[in-house]
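J.: Encoded as structure tokens, here's the structure I'll be asking about.
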2 protein chains.
Amino acid sequence: MLWKFSHRAQALKSSTIREILKVTEHSDVISFAGGLPAPDAFPIAEIQAAVNTVLASKDIYDALQYGPTEGYTPLRQWIANYLSTRDQIAISADEILIVTGSQQALDLIGKALINEKDKVLVETPTYLGALQSFNQFNPEYVAISSDEKGLIPESIDDKLASSAKFLYSIPNFQNPTGRRLSLERRQALAAKAKQNDLVLIEDDPYGDLDYQGQRLPGLYTLAPENTVYLGSFSKILTPGLRLGYVVANKQFIGKLVQLKQASDLHTPSLTQYIAYQIISKNNFLNHHIPKIRQLYSTRCQYMLHSLAQYMPKEVSWNQPEGGMFIWVELPESINATELLSEAISRKVVFVPGETFFAHAEKNNCLRLAFVTVPEEKIDCGIKILAEIINHHIHQPQEKIVMV
Amino acid sequence: MLWKFSHRAQALKSSTIREILKVTEHSDVISFAGGLPAPDAFPIAEIQAAVNTVLASKDIYDALQYGPTEGYTPLRQWIANYLSTRDQIAISADEILIVTGSQQALDLIGKALINEKDKVLVETPTYLGALQSFNQFNPEYVAISSDEKGLIPESIDDKLASSAKFLYSIPNFQNPTGRRLSLERRQALAAKAKQNDLVLIEDDPYGDLDYQGQRLPGLYTLAPENTVYLGSFSKILTPGLRLGYVVANKQFIGKLVQLKQASDLHTPSLTQYIAYQIISKNNFLNHHIPKIRQLYSTRCQYMLHSLAQYMPKEVSWNQPEGGMFIWVELPESINATELLSEAISRKVVFVPGETFFAHAEKNNCLRLAFVTVPEEKIDCGIKILAEIINHHIHQPQEKIVMV
């Protein structure tokens, strides 16, 4: 059978990160590759209690039946209250759509906004999963320059801002760089968006994971009319529930609801009831999130310490204030994808930087995820990476395959 | 803010069925509208036991973590075994993709196959949710003539068969008509597909609900190379888990996996573990499915009896051999959507037929769902509908608003 695939399906390439993750399934590999949250932080006891409450309640039939596309109303109401309190702005439940993980929000947003060849502005680098999702609708990416303070609003001129379909960004502890967009740049970006009717997609899975608990104002508090905010329970509860949400004005949510209905009818009811049961009790997140911050901060400090101890002076990296990732820059002569082959043979994996660029730009960077790796393995893994990098720096002419 | 929606989003219309379902949320309405399975048939005790087993097992961390896009391997293996036994053909786990309800399969198939203006063949009438899903990719529908034995293969000429992207059909107890495609037509359709390299999408959520337990061979057993088979746990377990699956050859599944990864990464892990735990124990479905068949068959017989008792002679309907729906044809002078306004005022709802046609064809039909309505209410609701229809037949000139 010769399948007559659509143009969008023909254009799909297999993902490097995906193949890497398959390798990391072996337990003897030290993986800095996955973007997985730490299972140590899963609130197992609370989940067990919540599930038993749902199963024993009179709501059990509703939790197992088809449900509304918008999501479980009490959960939407809870999210509205949580955000209104956290960010001191007024949000109502009908401005919220529950999605099957915030990856689904990217798919729905692509469907809602992107026509072929539309300009989509992205950070440099940006989240691989967003590129994969938007690629389905064949946009033209414009990569916005970024530095250690995040994307540079001045590099978006008014003509570009007004002609683009939207700008996609992760202002808090970005994937892959771990960078946080500075307050001044948030304000400048919000002003530019308002001035040019530019839609901002603010993806915020890591926002609650700031180690000092000092949240910067979100784009949707600075430019609420222009911003579509994506939240997730994957990093503060568990990812296996696949629960995220979109916050936007009612007209936009209404369109996403129609698209979601066509895409999967609705997010599973049972998982929504379970999540609501957990988070609505005893200010659960107010107690739980600080524990995750503490755990992640400790592992981050540990990796930073190992990097400082082992890496040659030609290598640099950032000091994350939150989140799950460190971004490492190598001398330009070193290709991170080639480095990966060698690292795999020594049972250490990471994600090469080139994966995260809308346009192949450079490949002397790599993303290190630290939160799922026990401390002694962080030390061991970074030491191995440093040995390999050192070898490359000091024997640059040698072919990897011959090492 | 002026949202610059994509062409596909601009073309979305709000769904009549959706607005109707909102009305039926009131408990004093007799609803023949929803396509919901009967909650009486939910295996609550087994679900509770399964959840507790998963939560107490060493797999709990995996059930709450990110998982593979293809789905939970033991569940895929179980499905492969189940289908191989049921349908006596060889299916392997890597020919199976778990999806978030089979509605998601429709979205992924649309993404994988449809370019703008591609010909997509559909039954007359067909499942509304499939039209909504495919509409996102702007195909050109060709409506294939159907009668009480299902679609008529002879009405697809070879030129059409070889130029179409695919044919979408529900051979068993179709939504909305409740019809089953006859064996002869299945064979003719399979032969035509093989001859013309036509892809068949076989959507089969109701296949196990044949009241006599006499399954006809599926299209994917008759033309395995050409067929993409969609299965669902919504009608034999519960819909709130949102679990379905796609069966197709590895190349096609591989493409769907890439599209699913971009769409929602993967189906929730926890619900997959729960479902596997239920169905893999003690031949669960072999005991459970006959109970659902019995329940649905009884309610179907009850509705057929009420229809025979109350409906005027000008009205006709089919005698379903399985599934959840009866298709009622009214005299051509009666518009079912207008009838609905009147029925709503008397607290009875159904879905007007026009919703289910790819091209607006006729609107003197309606879909009645019988499985969620207790018997005394079936009788009461059909009596009210018959009164309204009778009134229309005997006072055809009078405007409804003036009644």
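Chains: A, B, ... in order of the structure tokens. Residues: from 1 per chain. Ligands: from 1, in order shown.
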Do you have, as a tab-separated table, the list of residues of region 107-177 of chain B lying at most 12 Å from region 90-113 of chain A, each with its nearest atom pair and that distance in Å to one decimal, counting only C-alpha atoms and ordered by chain then number?
T.:
```
residue	atom	partner	partner_atom	distance
B:Asp107	CA	A:Asp107	CA	11.1
B:Leu108	CA	A:Asp107	CA	11.4
B:Lys111	CA	A:Lys111	CA	11.0
B:Ser133	CA	A:Lys111	CA	11.6
B:Asn135	CA	A:Lys111	CA	11.6
B:Gln136	CA	A:Lys111	CA	7.9
B:Phe137	CA	A:Lys111	CA	9.6
```
J.: Would you output that residue set with N, CA and C atoms, as a PDB file, in the first residue's frame?
T.:
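Saved the output as again-v9.pdb:
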```pdb
ATOM      1  N   ASP B 107      -8.648  13.266  14.148  1.00  0.00           N
ATOM      2  CA  ASP B 107      -7.813  14.460  13.994  1.00  0.00           C
ATOM      3  C   ASP B 107      -6.453  14.083  13.411  1.00  0.00           C
ATOM      4  N   LEU B 108      -5.844  13.037  13.947  1.00  0.00           N
ATOM      5  CA  LEU B 108      -4.515  12.624  13.474  1.00  0.00           C
ATOM      6  C   LEU B 108      -4.566  12.108  12.034  1.00  0.00           C
ATOM      7  N   LYS B 111      -4.812  15.021   9.772  1.00  0.00           N
ATOM      8  CA  LYS B 111      -3.484  15.636   9.643  1.00  0.00           C
ATOM      9  C   LYS B 111      -2.573  14.824   8.728  1.00  0.00           C
ATOM     10  N   SER B 133     -13.964  17.066  12.550  1.00  0.00           N
ATOM     11  CA  SER B 133     -12.529  16.844  12.630  1.00  0.00           C
ATOM     12  C   SER B 133     -11.862  17.055  11.264  1.00  0.00           C
ATOM     13  N   ASN B 135     -13.033  18.671   8.730  1.00  0.00           N
ATOM     14  CA  ASN B 135     -13.227  20.058   8.283  1.00  0.00           C
ATOM     15  C   ASN B 135     -12.020  20.939   8.569  1.00  0.00           C
ATOM     16  N   GLN B 136     -11.301  20.619   9.641  1.00  0.00           N
ATOM     17  CA  GLN B 136     -10.126  21.415   9.996  1.00  0.00           C
ATOM     18  C   GLN B 136      -9.096  21.451   8.872  1.00  0.00           C
ATOM     19  N   PHE B 137      -9.152  20.455   7.979  1.00  0.00           N
ATOM     20  CA  PHE B 137      -8.137  20.354   6.937  1.00  0.00           C
ATOM     21  C   PHE B 137      -8.727  20.594   5.547  1.00  0.00           C
TER      22      PHE B 137
END
```
J.: Skipping near chain neighbours, those fewer than 5 positions away, what residues fall within 8 Å of region 274-279 of chain B using only C-alpha atoms, listed as number ranges by chain?
T.: B: 46-47, 50-51, 53-54, 74-75, 78, 284-285
J.: Next, dump the selected residues to file, keeping only C-alpha atoms, as an mmCIF file, in the first residue's frame.
T.:
```
data_model
loop_
_atom_site.group_PDB
_atom_site.id
_atom_site.type_symbol
_atom_site.label_atom_id
_atom_site.label_comp_id
_atom_site.auth_asym_id
_atom_site.auth_seq_id
_atom_site.Cartn_x
_atom_site.Cartn_y
_atom_site.Cartn_z
ATOM 1 C CA GLU B 46 -13.760 -3.161 38.853
ATOM 2 C CA ILE B 47 -12.558 0.400 38.252
ATOM 3 C CA ALA B 50 -8.038 -1.479 39.347
ATOM 4 C CA VAL B 51 -7.209 2.028 40.526
ATOM 5 C CA THR B 53 -4.028 -1.917 42.408
ATOM 6 C CA VAL B 54 -2.253 0.655 40.215
ATOM 7 C CA PRO B 74 1.176 -3.830 27.946
ATOM 8 C CA LEU B 75 -2.088 -2.160 26.895
ATOM 9 C CA TRP B 78 -3.341 -6.650 25.199
ATOM 10 C CA PHE B 284 -13.218 -9.034 31.978
ATOM 11 C CA LEU B 285 -14.695 -7.918 28.651
#
```
J.: If you run DSSP on the backbone, which residues of region 7-246 of chain A are alpha helix (DSSP H), as an MDAnalysis selection string?
T.: chainID A and resid 7:10 16:23 44:56 60:64 73:87 102:113 128:135 158:163 183:196 219:222
J.: Give the residues of chain A that lie within 7 Å of chain B; count only C-alpha atoms, and format the answer as JSON, numbers by chain.
T.: {"A": [1, 4, 5, 6, 7, 9, 36, 39, 48, 55, 61, 63, 64, 65, 66, 100, 101, 103, 104, 107, 111, 112, 113, 114, 115, 129, 132, 133, 197, 225, 226, 238, 239, 240, 241, 242, 255, 262, 263, 264, 265, 268, 269, 270]}
J.: With only C-alpha atoms as the basis for distance, which of A:Asn172, A:Ser145, A:Ser155, A:Gln294 is at the shortest distance from Pro205 (chain A)?
T.: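 Closest to Pro205 (chain A) of all the choices is A:Asn172.
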J.: Could you pull out the strand (DSSP E or B) residues of region 136-274 of chain A, going by DSSP on the backbone, and write them as a VMD selection string?
T.: chain A and resid 140 to 144 146 to 147 150 to 151 166 to 169 200 to 203 210 227 to 232 244 to 247
J.: Near region 298-306 of chain A, counting only C-alpha atoms, which residues have an atom at most 10 Å away, once you skip same-chain residues fewer than 5 positions from it, shown as a PyMOL selection string?
T.: chain A and resi 211+292-293+311+317-326+368-383+386
J.: Take the residues from that selection and put them in a file with N, CA, C and O atoms, as a CSV table (one decimal), in the first residue's frame.
T.:
```csv
chain,number,residue,atom,x,y,z
A,211,TYR,N,13.3,29.4,42.4
A,211,TYR,CA,13.9,28.9,43.7
A,211,TYR,C,13.7,29.9,44.8
A,211,TYR,O,13.6,29.4,46.0
A,292,ILE,N,9.1,21.3,46.0
A,292,ILE,CA,9.7,21.1,44.7
A,292,ILE,C,10.8,22.1,44.4
A,292,ILE,O,11.9,21.7,44.0
A,293,ARG,N,10.6,23.3,44.8
A,293,ARG,CA,11.6,24.4,44.6
A,293,ARG,C,12.9,24.0,45.3
A,293,ARG,O,14.0,24.1,44.8
A,311,MET,N,34.6,21.3,34.3
A,311,MET,CA,34.6,21.8,32.9
A,311,MET,C,35.8,22.6,32.6
A,311,MET,O,36.3,23.4,33.5
A,317,TRP,N,28.3,28.5,31.0
A,317,TRP,CA,26.9,28.1,31.3
A,317,TRP,C,26.2,29.2,32.1
A,317,TRP,O,26.9,30.0,32.7
A,318,ASN,N,24.9,29.1,32.2
A,318,ASN,CA,24.2,30.1,33.0
A,318,ASN,C,23.9,29.6,34.4
A,318,ASN,O,24.1,28.4,34.7
A,319,GLN,N,23.4,30.5,35.2
A,319,GLN,CA,23.1,30.2,36.6
A,319,GLN,C,21.6,30.4,36.8
A,319,GLN,O,21.1,31.4,37.1
A,320,PRO,N,20.8,29.3,36.6
A,320,PRO,CA,19.3,29.4,36.6
A,320,PRO,C,18.8,29.9,37.9
A,320,PRO,O,19.3,29.5,39.0
A,321,GLU,N,17.7,30.7,37.9
A,321,GLU,CA,17.1,31.1,39.1
A,321,GLU,C,15.9,30.3,39.4
A,321,GLU,O,15.1,30.5,40.3
A,322,GLY,N,15.6,29.3,38.5
A,322,GLY,CA,14.5,28.4,38.7
A,322,GLY,C,14.4,27.4,37.6
A,322,GLY,O,15.3,27.3,36.7
A,323,GLY,N,13.4,26.5,37.6
A,323,GLY,CA,13.2,25.6,36.5
A,323,GLY,C,14.1,24.3,36.6
A,323,GLY,O,14.5,23.9,37.7
A,324,MET,N,14.3,23.7,35.4
A,324,MET,CA,14.9,22.4,35.3
A,324,MET,C,16.1,22.2,34.4
A,324,MET,O,16.6,21.1,34.3
A,325,PHE,N,16.6,23.4,33.8
A,325,PHE,CA,17.6,23.2,32.8
A,325,PHE,C,18.8,24.2,33.0
A,325,PHE,O,18.6,25.3,33.4
A,326,ILE,N,20.0,23.7,32.6
A,326,ILE,CA,21.1,24.6,32.4
A,326,ILE,C,21.6,24.5,30.9
A,326,ILE,O,21.5,23.4,30.3
A,368,LEU,N,21.2,20.6,29.6
A,368,LEU,CA,21.3,19.7,30.7
A,368,LEU,C,20.1,19.8,31.6
A,368,LEU,O,19.9,20.9,32.2
A,369,ALA,N,19.4,18.7,31.8
A,369,ALA,CA,18.3,18.6,32.8
A,369,ALA,C,18.9,18.0,34.1
A,369,ALA,O,19.5,16.9,34.0
A,370,PHE,N,18.6,18.6,35.2
A,370,PHE,CA,19.3,18.1,36.4
A,370,PHE,C,18.3,17.5,37.4
A,370,PHE,O,18.7,16.9,38.4
A,371,VAL,N,17.0,17.7,37.2
A,371,VAL,CA,16.1,17.4,38.4
A,371,VAL,C,15.8,16.0,38.7
A,371,VAL,O,15.4,15.6,39.8
A,372,THR,N,16.0,15.1,37.7
A,372,THR,CA,15.7,13.7,37.9
A,372,THR,C,16.9,12.8,38.3
A,372,THR,O,16.8,11.6,38.5
A,373,VAL,N,18.1,13.5,38.3
A,373,VAL,CA,19.3,12.7,38.5
A,373,VAL,C,19.8,12.9,40.0
A,373,VAL,O,19.9,14.0,40.5
A,374,PRO,N,20.0,11.7,40.7
A,374,PRO,CA,20.5,11.8,42.0
A,374,PRO,C,21.9,12.5,42.1
A,374,PRO,O,22.6,12.4,41.1
A,375,GLU,N,22.2,13.1,43.2
A,375,GLU,CA,23.4,13.9,43.3
A,375,GLU,C,24.7,13.2,42.9
A,375,GLU,O,25.5,13.8,42.1
A,376,GLU,N,24.9,12.0,43.3
A,376,GLU,CA,26.2,11.3,43.0
A,376,GLU,C,26.3,11.1,41.5
A,376,GLU,O,27.4,11.1,41.0
A,377,LYS,N,25.2,10.9,40.9
A,377,LYS,CA,25.2,10.6,39.4
A,377,LYS,C,25.4,11.9,38.7
A,377,LYS,O,26.0,11.9,37.6
A,378,ILE,N,24.9,13.1,39.2
A,378,ILE,CA,25.2,14.3,38.6
A,378,ILE,C,26.7,14.5,38.5
A,378,ILE,O,27.3,14.8,37.5
A,379,ASP,N,27.3,14.3,39.6
A,379,ASP,CA,28.8,14.5,39.7
A,379,ASP,C,29.5,13.6,38.7
A,379,ASP,O,30.3,14.0,37.9
A,380,CYS,N,29.1,12.3,38.7
A,380,CYS,CA,29.7,11.4,37.8
A,380,CYS,C,29.5,11.7,36.4
A,380,CYS,O,30.4,11.7,35.5
A,381,GLY,N,28.3,12.1,36.0
A,381,GLY,CA,27.9,12.4,34.6
A,381,GLY,C,28.6,13.6,34.1
A,381,GLY,O,29.1,13.6,33.0
A,382,ILE,N,28.7,14.6,34.9
A,382,ILE,CA,29.3,15.9,34.5
A,382,ILE,C,30.9,15.7,34.3
A,382,ILE,O,31.5,16.2,33.4
A,383,LYS,N,31.4,14.8,35.2
A,383,LYS,CA,32.8,14.5,35.1
A,383,LYS,C,33.1,13.8,33.8
A,383,LYS,O,34.1,14.2,33.1
A,386,ALA,N,32.8,16.3,30.9
A,386,ALA,CA,34.0,17.2,31.0
A,386,ALA,C,35.2,16.6,30.3
A,386,ALA,O,36.0,17.2,29.6
```
J.: Which polymer residues have any atom within 9 Å of an atom of region 213-217 of chain B, counting only C-alpha atoms, with same-chain residues fewer than 3 positions away left out, as a list in words?
T.: Asp87, Asn172, Leu181, Ser182, Leu183, Arg186, Gly207, Asp208, Leu209, Asp210, Tyr220, Thr221, Leu222, Pro290, Arg293 and Gly322 of chain B
J.: CA of Leu230 (chain A) to CA of Gly244 (chain A): how many Å, to one decimal?
T.: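 A separation of 7.3 Å between them.
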